[in-house]
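A.B. asks: Dumping the structure here so I can ask a few things about it.
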Amino acid sequence: AQHAAAVVATLDDRVWDVRRAALQTLGKLEAATLAQHAAAVFATLDDREWDVRRVAIETLGKPGLQARRGTHVVPHAILGHGRLDFFAV
């Protein structure tokens with residue numbers, strides 16, 4: 001948890017599998033810690049790589065996180081035109 005900010009910083013890396021690995025690492029955090037960085041994770045839902053978006057969905061779907069954030073991320077269109085669209089309910 002003490003290095004979470006450093007992991008979040010790699011969400012902007014040029015290499016897509018570094019971004020994916022960062023999301024996988026963040027997904028292992030407790031919900032209370034992950035909630036502090038949820039906005040950065042949410043921003044990766046617009047990543048150009050589908051596998052990064054997939055892991056972002058898994059990370060945001062972590063039990064306990066949505067209750068803390070008070071929002072639910074729902075897939076609007078799975079993979080349309082190379083982009084994954086979401087809306088919050």
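Residues in the structure tokens are numbered from 1 in each chain, the chains being A, B, ... in the order shown, and ligands are numbered from 1 in the order shown.
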Extract, using only C-alpha atoms, all DNA, RNA and protein residues at most 10 Å from Asp12 of chain A, discarding same-chain residues fewer than 3 positions from it, and format them as a list in words.

C.D. replies: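 Answer for this query is Val8, Ala9, Val15, Trp16, Val18, Arg19, Ala22, Ala40, Thr44 and Asp47 of chain A.
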
A.B. asks: Restricting it to N, CA, C and O atoms, dump the selection as a compact mmCIF listing (two decimals), in the first residue's frame.

C.D. replies:
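Contents of again_29.txt, freshly written:
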# COMPACT_ATOMS: atom_id res chain seq x y z
N VAL A 8 0.63 3.64 -9.52
CA VAL A 8 -0.33 4.46 -10.28
C VAL A 8 0.41 5.28 -11.33
O VAL A 8 -0.07 5.45 -12.45
N ALA A 9 1.59 5.75 -11.01
CA ALA A 9 2.37 6.55 -11.97
C ALA A 9 2.70 5.76 -13.24
O ALA A 9 2.86 6.35 -14.31
N VAL A 15 4.41 1.49 -22.67
CA VAL A 15 4.29 0.05 -22.95
C VAL A 15 3.01 -0.47 -22.32
O VAL A 15 2.82 -0.38 -21.11
N TRP A 16 2.15 -1.05 -23.16
CA TRP A 16 0.82 -1.43 -22.68
C TRP A 16 0.86 -2.51 -21.61
O TRP A 16 0.05 -2.49 -20.68
N VAL A 18 3.04 -2.89 -19.31
CA VAL A 18 3.41 -2.25 -18.05
C VAL A 18 2.17 -1.65 -17.41
O VAL A 18 1.95 -1.79 -16.20
N ARG A 19 1.32 -1.01 -18.24
CA ARG A 19 0.06 -0.44 -17.73
C ARG A 19 -0.83 -1.55 -17.19
O ARG A 19 -1.44 -1.43 -16.12
N ALA A 22 0.47 -2.84 -13.90
CA ALA A 22 0.18 -1.88 -12.83
C ALA A 22 -1.25 -2.06 -12.33
O ALA A 22 -1.50 -2.06 -11.12
N ALA A 40 -7.71 7.22 -11.06
CA ALA A 40 -6.64 6.89 -12.01
C ALA A 40 -6.94 5.57 -12.72
O ALA A 40 -6.71 5.44 -13.93
N THR A 44 -8.15 4.61 -17.06
CA THR A 44 -7.58 3.62 -17.97
C THR A 44 -8.66 2.88 -18.76
O THR A 44 -8.34 2.10 -19.66
N ASP A 47 -8.11 3.37 -22.35
CA ASP A 47 -6.81 2.99 -22.91
C ASP A 47 -6.99 2.43 -24.31
O ASP A 47 -8.00 1.82 -24.62

A.B. asks: Which polymer residues have any atom within 10 Å of an atom of Arg53 of chain A, counting only C-alpha atoms, with same-chain residues fewer than 3 positions away left out, as a compact mmCIF listing (two decimals) with N, CA and C atoms, in the first residue's frame?

C.D. replies:
# COMPACT_ATOMS: atom_id res chain seq x y z
N ARG A 19 1.32 -1.01 -18.24
CA ARG A 19 0.06 -0.44 -17.73
C ARG A 19 -0.83 -1.55 -17.19
N ARG A 20 -0.91 -2.66 -17.93
CA ARG A 20 -1.74 -3.79 -17.49
C ARG A 20 -1.20 -4.37 -16.17
N LEU A 23 -2.19 -2.23 -13.26
CA LEU A 23 -3.59 -2.45 -12.87
C LEU A 23 -3.75 -3.75 -12.11
N VAL A 41 -7.47 4.61 -11.99
CA VAL A 41 -7.85 3.33 -12.60
C VAL A 41 -8.99 3.55 -13.58
N PHE A 42 -9.98 4.34 -13.19
CA PHE A 42 -11.12 4.63 -14.05
C PHE A 42 -10.67 5.26 -15.37
N ALA A 43 -9.66 6.10 -15.31
CA ALA A 43 -9.15 6.77 -16.52
C ALA A 43 -8.59 5.77 -17.52
N THR A 44 -8.15 4.61 -17.06
CA THR A 44 -7.58 3.62 -17.97
C THR A 44 -8.66 2.88 -18.76
N LEU A 45 -9.92 3.11 -18.45
CA LEU A 45 -11.00 2.49 -19.23
C LEU A 45 -11.01 3.00 -20.68
N ASP A 46 -10.28 4.06 -20.92
CA ASP A 46 -10.19 4.63 -22.26
C ASP A 46 -8.85 4.31 -22.93
N ASP A 47 -8.11 3.37 -22.35
CA ASP A 47 -6.81 2.99 -22.91
C ASP A 47 -6.99 2.43 -24.31
N ARG A 48 -5.99 2.61 -25.15
CA ARG A 48 -6.09 2.13 -26.54
C ARG A 48 -5.97 0.61 -26.64
N GLU A 49 -5.44 -0.05 -25.61
CA GLU A 49 -5.27 -1.50 -25.62
C GLU A 49 -6.42 -2.17 -24.88
N TRP A 50 -7.08 -3.12 -25.54
CA TRP A 50 -8.24 -3.77 -24.95
C TRP A 50 -7.91 -4.53 -23.68
N ALA A 56 -8.69 -3.15 -16.14
CA ALA A 56 -9.27 -2.02 -15.40
C ALA A 56 -10.68 -2.37 -14.92
N ILE A 57 -11.45 -3.04 -15.77
CA ILE A 57 -12.80 -3.46 -15.38
C ILE A 57 -12.73 -4.41 -14.19
N GLU A 58 -11.83 -5.37 -14.27
CA GLU A 58 -11.68 -6.33 -13.18
C GLU A 58 -11.27 -5.62 -11.89
N THR A 59 -10.37 -4.66 -12.01
CA THR A 59 -9.89 -3.93 -10.84
C THR A 59 -11.01 -3.10 -10.22
N ARG A 83 -12.86 0.34 -29.08
CA ARG A 83 -12.99 1.13 -27.86
C ARG A 83 -14.05 0.51 -26.98
N LEU A 84 -13.83 0.57 -25.70
CA LEU A 84 -14.76 0.03 -24.73
C LEU A 84 -15.43 1.20 -24.04
N ASP A 85 -16.72 1.32 -24.16
CA ASP A 85 -17.44 2.45 -23.56
C ASP A 85 -18.16 2.00 -22.30

A.B. asks: Would you compute the distance between atom CA of Ala31 of chain A and atom CA of Asp17 of chain A? Give it in Å to one decimal.

C.D. replies: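 Computed distance, atom CA of Ala31 of chain A to atom CA of Asp17 of chain A, equals 23.1 Å.
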